$ cat model.cif   # mmCIF, C-alpha atoms
data_final
#
loop_
_atom_site.label_atom_id
_atom_site.label_comp_id
_atom_site.auth_asym_id
_atom_site.auth_seq_id
_atom_site.Cartn_x
_atom_site.Cartn_y
_atom_site.Cartn_z
CA MET A 190 105.90 91.26 131.76
CA ILE A 191 103.42 90.29 129.07
CA ILE A 192 102.94 86.71 127.93
CA MET A 193 101.53 86.32 124.43
CA LYS A 194 100.24 83.04 123.16
CA ALA A 195 99.29 81.96 119.65
CA GLY A 196 98.72 78.23 119.32
CA ILE A 197 101.83 76.54 120.70
CA GLU A 198 103.97 79.65 120.28
CA THR A 199 104.54 81.70 123.42
CA LEU A 200 106.35 84.98 123.70
CA GLU A 201 107.33 86.66 126.93
CA LEU A 202 108.03 90.32 126.80
CA ASP A 203 109.34 92.75 129.39
CA ILE A 204 108.10 96.24 128.71
CA PRO A 205 110.91 98.74 129.28
CA LYS A 206 110.13 101.24 132.07
CA ASP A 207 110.78 104.24 129.82
CA VAL A 208 108.15 102.98 127.36
CA ILE A 209 105.60 102.61 130.19
CA GLU A 210 106.39 106.11 131.46
CA HIS A 211 106.07 107.53 127.97
CA ALA A 212 102.68 105.87 127.49
CA LYS A 213 101.47 107.22 130.87
CA ASP A 214 102.66 110.72 130.00
CA SER A 215 100.71 110.50 126.75
CA GLY A 216 97.44 109.78 128.53
CA ILE A 217 97.43 106.04 127.75
CA SER A 218 96.70 103.85 130.75
CA ILE A 219 98.95 100.92 131.50
CA GLU A 220 96.03 98.50 130.99
CA GLU A 221 95.35 99.89 127.51
CA PHE A 222 99.04 99.73 126.72
CA ARG A 223 99.38 96.11 127.87
CA LYS A 224 96.29 95.15 125.91
CA SER A 225 97.59 96.83 122.74
CA LEU A 226 100.92 95.13 123.10
CA GLU A 227 99.33 91.77 123.78
CA ILE A 228 97.07 91.95 120.69
CA PHE A 229 99.87 93.32 118.53
CA GLY A 230 102.31 90.64 119.70
CA THR A 231 99.78 87.89 119.03
CA LEU A 232 99.08 89.21 115.52
CA GLN A 233 102.82 89.40 114.90
CA LEU A 234 103.39 85.84 116.09
CA VAL A 235 100.55 84.49 113.98
CA SER A 236 101.25 86.45 110.81
CA GLU A 237 104.92 85.41 110.83
CA THR A 238 103.82 81.93 109.76
CA SER A 239 100.83 83.00 107.68
CA ASN A 240 100.81 82.46 103.91
CA LEU A 241 97.98 84.89 103.45
CA SER A 242 98.58 87.60 100.86
CA LYS A 243 96.66 90.85 100.70
CA THR A 244 94.86 89.56 97.58
CA LYS A 245 93.80 86.34 99.32
CA ALA A 246 92.74 88.30 102.42
CA ASN A 247 90.58 90.55 100.27
CA ALA A 248 89.04 87.58 98.45
CA ILE A 249 88.05 85.85 101.73
CA SER A 250 86.66 89.12 103.01
CA GLU A 251 84.51 89.63 99.89
CA LYS A 252 83.25 86.06 100.01
CA ILE A 253 82.24 86.33 103.67
CA LYS A 254 80.49 89.66 103.07
CA ALA A 255 78.58 88.27 100.09
CA ILE A 256 77.28 85.18 101.93
CA SER A 257 76.53 87.22 105.00
CA TRP A 258 74.51 89.71 102.91
CA GLN A 259 72.50 86.96 101.22
CA LYS A 260 71.47 85.55 104.61
CA THR A 261 70.83 88.94 106.24
CA SER A 262 68.79 90.41 103.38
CA LYS A 263 66.67 87.25 103.24
CA ARG A 264 66.13 87.19 107.02
CA LEU A 265 65.20 90.88 107.21
CA ASN A 266 63.31 90.97 103.92
CA LEU A 267 65.56 93.69 102.53
CA MET B 37 80.75 116.14 110.21
CA ALA B 38 82.22 115.41 113.60
CA LYS B 39 84.90 118.01 114.11
CA ASN B 40 87.24 115.82 116.05
CA LEU B 41 87.93 112.31 117.24
CA LYS B 42 86.60 113.12 120.69
CA GLU B 43 83.11 113.20 119.19
CA ILE B 44 83.60 109.88 117.44
CA LYS B 45 82.69 107.02 119.73
CA SER B 46 82.38 104.19 117.22
CA ILE B 47 84.64 102.68 114.60
CA ILE B 48 83.30 100.04 112.25
CA ILE B 49 85.95 97.59 111.09
CA ASP B 50 85.60 96.22 107.57
CA THR B 51 86.47 92.54 107.18
CA ASN B 52 89.22 93.42 104.69
CA VAL B 53 91.04 95.27 107.49
CA LEU B 54 90.51 92.37 109.87
CA PHE B 55 91.90 89.78 107.42
CA SER B 56 94.74 92.06 106.34
CA SER B 57 96.01 91.87 109.90
CA LEU B 58 96.86 88.21 109.20
CA VAL B 59 99.17 89.22 106.34
CA LYS B 60 102.83 89.15 107.39
CA GLU B 61 103.73 92.48 105.79
CA GLU B 62 100.79 94.33 107.35
CA GLY B 63 102.47 95.48 110.59
CA TYR B 64 100.83 98.86 110.22
CA THR B 65 97.31 97.40 110.06
CA GLN B 66 98.15 95.15 113.03
CA ALA B 67 99.33 98.13 115.09
CA ILE B 68 96.23 100.19 114.34
CA LEU B 69 93.87 97.30 115.06
CA SER B 70 95.67 96.48 118.33
CA ILE B 71 95.47 100.05 119.51
CA LEU B 72 91.84 100.56 118.56
CA LEU B 73 90.76 97.32 120.21
CA SER B 74 92.40 98.36 123.47
CA GLN B 75 90.88 101.85 123.76
CA LYS B 76 88.33 102.14 126.55
CA ASP B 77 86.51 105.15 125.11
CA ILE B 78 86.10 103.96 121.52
CA LYS B 79 83.64 101.22 120.53
CA ILE B 80 84.73 98.83 117.81
CA LEU B 81 81.61 97.58 116.04
CA VAL B 82 81.01 94.61 113.74
CA PRO B 83 77.72 93.35 112.23
CA ASN B 84 76.61 90.10 113.86
CA SER B 85 76.16 88.25 110.55
CA ILE B 86 79.82 88.89 109.74
CA LYS B 87 80.89 87.33 113.02
CA ASP B 88 78.71 84.27 112.32
CA GLU B 89 80.05 83.87 108.79
CA ILE B 90 83.68 84.22 109.87
CA ALA B 91 83.05 81.47 112.42
CA LEU B 92 81.69 79.24 109.64
CA HIS B 93 84.77 79.90 107.49
CA ILE B 94 87.47 79.21 110.07
CA HIS B 95 88.60 76.08 108.22
CA GLU B 96 88.81 77.90 104.89
CA ILE B 97 90.78 80.76 106.46
CA SER B 98 93.08 78.18 108.02
CA ARG B 99 93.58 76.41 104.67
CA LYS B 100 94.29 79.62 102.76
CA SER B 101 96.60 81.09 105.39
CA GLY B 102 98.38 77.86 106.27
CA LEU B 103 97.66 78.57 109.95
CA PRO B 104 96.28 75.86 112.24
CA VAL B 105 92.50 75.96 112.75
CA LYS B 106 93.03 76.38 116.49
CA VAL B 107 95.22 79.44 116.02
CA VAL B 108 92.76 81.09 113.61
CA GLY B 109 89.91 80.29 116.00
CA GLU B 110 91.76 81.79 118.96
CA LEU B 111 92.63 84.92 117.06
CA VAL B 112 89.10 85.45 115.78
CA GLY B 113 87.83 84.80 119.30
CA LYS B 114 90.19 87.43 120.68
CA PHE B 115 89.02 90.00 118.15
CA PHE B 116 85.34 89.45 118.92
CA LYS B 117 86.05 89.49 122.64
CA TYR B 118 87.19 93.09 122.34
CA ALA B 119 84.74 94.22 119.64
CA ASP B 120 81.01 94.91 120.04
CA VAL B 121 78.95 92.65 117.82
CA VAL B 122 75.60 94.19 116.81
CA ARG B 123 72.59 92.27 115.49
CA GLU B 124 71.25 93.57 112.16
CA GLU B 125 67.69 93.77 113.56
CA TYR B 126 68.92 96.68 115.66
CA PHE B 127 69.89 98.75 112.59
CA SER B 128 67.78 97.30 109.76
CA GLU B 129 66.32 100.70 108.81
CA GLU B 130 69.80 102.14 108.50
CA ILE B 131 70.84 99.20 106.30
CA ILE B 132 68.02 100.15 103.90
CA ASP B 133 69.26 103.78 103.93
CA ALA B 134 72.80 102.56 103.43
CA LEU B 135 71.95 100.75 100.20
CA GLU B 136 71.93 104.21 98.58
CA LEU B 137 75.31 105.04 100.06
CA VAL B 138 77.35 102.05 98.89
CA SER B 139 78.27 100.86 95.42
CA ASP B 140 78.44 97.26 96.59
CA LYS B 141 75.34 96.09 98.48
CA TYR B 142 77.47 93.66 100.52
CA ASP B 143 78.88 96.69 102.34
CA ALA B 144 75.44 98.01 103.35
CA PRO B 145 75.53 96.42 106.86
CA PHE B 146 78.83 98.23 107.61
CA ALA B 147 77.48 101.56 106.37
CA GLY B 148 74.18 100.95 108.18
CA LEU B 149 75.96 100.25 111.45
CA ALA B 150 78.00 103.43 110.96
CA LEU B 151 74.82 105.46 110.33
CA LYS B 152 73.16 104.07 113.44
CA ASN B 153 76.19 105.04 115.54
CA SER B 154 77.20 108.30 113.86
CA PRO B 155 79.40 110.26 114.23
CA SER B 156 81.52 107.29 113.30
CA ILE B 157 84.33 106.00 111.14
CA ILE B 158 84.38 103.03 108.77
CA LEU B 159 87.91 101.63 108.63
CA THR B 160 88.28 99.94 105.25
CA TYR B 161 90.64 99.13 102.41
CA ASN B 162 87.79 99.40 99.90
CA LYS B 163 86.86 103.06 100.06
CA ARG B 164 85.57 102.99 96.49
CA HIS B 165 82.67 100.83 97.72
CA PHE B 166 81.38 103.68 99.88
CA ARG B 167 79.90 106.98 98.69
CA GLU B 168 82.08 109.20 100.83
CA GLU B 169 80.41 112.52 100.21
CA LYS B 170 76.94 111.21 101.02
CA LEU B 171 78.22 109.41 104.11
CA ASN B 172 80.04 112.55 105.25
CA GLU B 173 76.72 114.38 105.18
CA ARG B 174 75.45 111.75 107.64
CA LYS B 175 78.52 112.19 109.89
CA VAL B 176 80.26 109.01 108.77
CA LYS B 177 83.87 109.05 107.61
CA THR B 178 85.42 106.28 105.53
CA LEU B 179 89.14 105.96 106.10
CA THR B 180 91.89 103.48 105.28
CA PRO B 181 94.14 102.61 108.26
CA SER B 182 96.86 104.98 107.02
CA GLU B 183 94.33 107.77 106.46
CA PHE B 184 93.15 107.20 110.02
CA VAL B 185 96.66 108.02 111.25
CA ASP B 186 96.74 111.13 109.04
CA TYR B 187 93.37 112.08 110.51
CA LEU B 188 94.77 111.83 114.04
CA ASN B 189 97.79 113.91 113.00
CA MET B 190 95.62 116.56 111.41
CA GLU B 191 93.57 116.81 114.57
CA LEU B 192 96.71 117.30 116.61
CA LYS B 193 97.64 120.25 114.44
CA THR B 194 94.27 121.88 115.04
CA ASN B 195 93.94 120.97 118.70
CA LYS B 196 97.28 120.82 120.45
CA LYS B 197 95.73 120.34 123.88
CA VAL B 198 94.57 116.84 123.07
CA LYS B 199 97.29 114.77 124.64
CA ARG B 200 95.59 111.43 124.16
CA LYS B 201 95.71 111.50 120.35
CA GLN B 202 99.44 112.08 120.48
CA GLY B 203 99.54 109.17 122.90
CA ILE B 204 97.81 106.90 120.40
CA LEU B 205 100.27 107.89 117.69
CA ASN B 206 103.23 107.44 120.04
CA LEU B 207 101.94 104.06 121.05
CA MET B 208 101.65 103.00 117.44
CA SER B 209 105.15 104.24 116.64
CA GLY B 210 106.40 102.51 119.79
CA LEU B 211 104.89 99.17 118.78
CA LEU B 212 106.38 99.37 115.30
CA LEU B 213 109.78 100.47 116.63
CA MET B 214 109.84 97.66 119.19
CA LYS B 215 109.12 95.23 116.38
CA LYS B 216 111.86 96.72 114.20
CA ALA B 217 114.33 96.52 117.07
CA GLY B 218 113.47 92.87 117.56
CA ARG B 219 112.00 93.45 121.01
CA ILE B 220 108.76 91.83 119.89
#
$ encode --input "model.cif" --output "structure tokens"
Amino acid sequence: MIIMKAGIETLELDIPKDVIEHAKDSGISIEEFRKSLEIFGTLQLVSETSNLSKTKANAISEKIKAISWQKTSKRLNL
Amino acid sequence: MAKNLKEIKSIIIDTNVLFSSLVKEEGYTQAILSILLSQKDIKILVPNSIKDEIALHIHEISRKSGLPVKVVGELVGKFFKYADVVREEYFSEEIIDALELVSDKYDAPFAGLALKNSPSIILTYNKRHFREEKLNERKVKTLTPSEFVDYLNMELKTNKKVKRKQGILNLMSGLLLMKKAGRI
């Protein structure tokens, strides 16, 4: 069982045996599989209540990159 | 160019991919990011200044997404726990080189990090910011998340013995199917 937490939301998930077997047969270790599922589940839980649109996401991304560049180029004399 | 994924040890995640994973309709991006972050033999790299700036903008991200600050903070923390954060001092020469390979100077640290760790892939939704042909010559591929899946598929066609790539694709399909079936 995997327990995913995002803020106060918690989700418990039993991974079906056939899915685990299939992952193993495909060369994916159970730890990698659990980790993938845990991250994916958390992102799913969080994004369900997110108001972020792709446009807004892109705008925040551009803003962060621009400020980050200003600081980095100044610090490294680029 | 690296002939196959086995040669590629590093994937540089653009911030637009990272933030897209907070968009409700972006299940595909979420699946790819989840899988990449959990792979033992692939390094996920992010410039250090980007990590710092994201940390300084947690409140703004929270306000724009409507998500509690704590939740955004936890999620960002989780991402950086699994990714390798690299200080720009370590690849400053490559950043200078990269300025010729991007159309937007703000993307130079991503391209520089990719050059330093080539053969590598830059996962981005803004491919037009990167000069693909020039980067290809330096063993750096720029791919959108969906192109990354096509890339894995193409490799499977040329190298059927590679079981692991099929595994990654199966895992991604599995995650999306489990979501569709309401099991997640």
$ atom_distance --input "model.cif" --atom1 "atom CA of Lys87 of chain B" --atom2 "atom CA of Ser257 of chain A"
9.1 Å
$ interface_residues --input "model.cif" --of "chain B" --to "chain A" --cutoff "7 Å" --atoms "all atoms listed in the file" --output "VMD selection string"
chain B and resid 51 to 52 55 to 60 66 to 67 70 to 71 74 to 75 85 to 86 89 to 90 100 to 103 106 to 107 142 199 to 200 202 to 203 207 220
$ resolve_selection --input "model.cif" --expression "the PyMOL selection byres ((chain B and resi 82) around 6)" --output "list of chain:residue names"
B:Leu81, B:Pro83, B:Val121
$ atom_distance --input "model.cif" --atom1 "atom CA of Ala134 of chain B" --atom2 "atom CA of Lys152 of chain B"
10.1 Å
$ atom_distance --input "model.cif" --atom1 "atom CA of Ile78 of chain B" --atom2 "atom CA of Asn189 of chain B"
17.6 Å
$ resolve_selection --input "model.cif" --expression "the PyMOL selection byres ((chain B and resi 181) around 12)" --output "ChimeraX atom specification"
/B:47-50,52-54,56-57,62-72,157-163,178-180,182-188,208
$ residues_around --input "model.cif" --residues "Arg174 of chain B" --least-positions-apart "5" --cutoff "10 Å" --atoms "all atoms listed in the file" --output "NGL selection string"
:B and (37-38 or 150-152 or 154-156 or 168-169)
$ closest_residue --input "model.cif" --among "B:Val176, B:Leu212, B:Met190, B:Ile94" --to "Leu137 of chain B" --atoms "only C-alpha atoms"
B:Val176
$ resolve_selection --input "model.cif" --expression "the PyMOL selection byres ((chain B and resi 45) around 6)" --output "short mmCIF file (atom, residue, chain, number, x, y, z; two decimals) with C-alpha atoms, in the coordinates of the input"
data_model
loop_
_atom_site.label_atom_id
_atom_site.label_comp_id
_atom_site.auth_asym_id
_atom_site.auth_seq_id
_atom_site.Cartn_x
_atom_site.Cartn_y
_atom_site.Cartn_z
CA ILE B 44 83.60 109.88 117.44
CA SER B 46 82.38 104.19 117.22
CA ILE B 78 86.10 103.96 121.52
CA LYS B 79 83.64 101.22 120.53
#
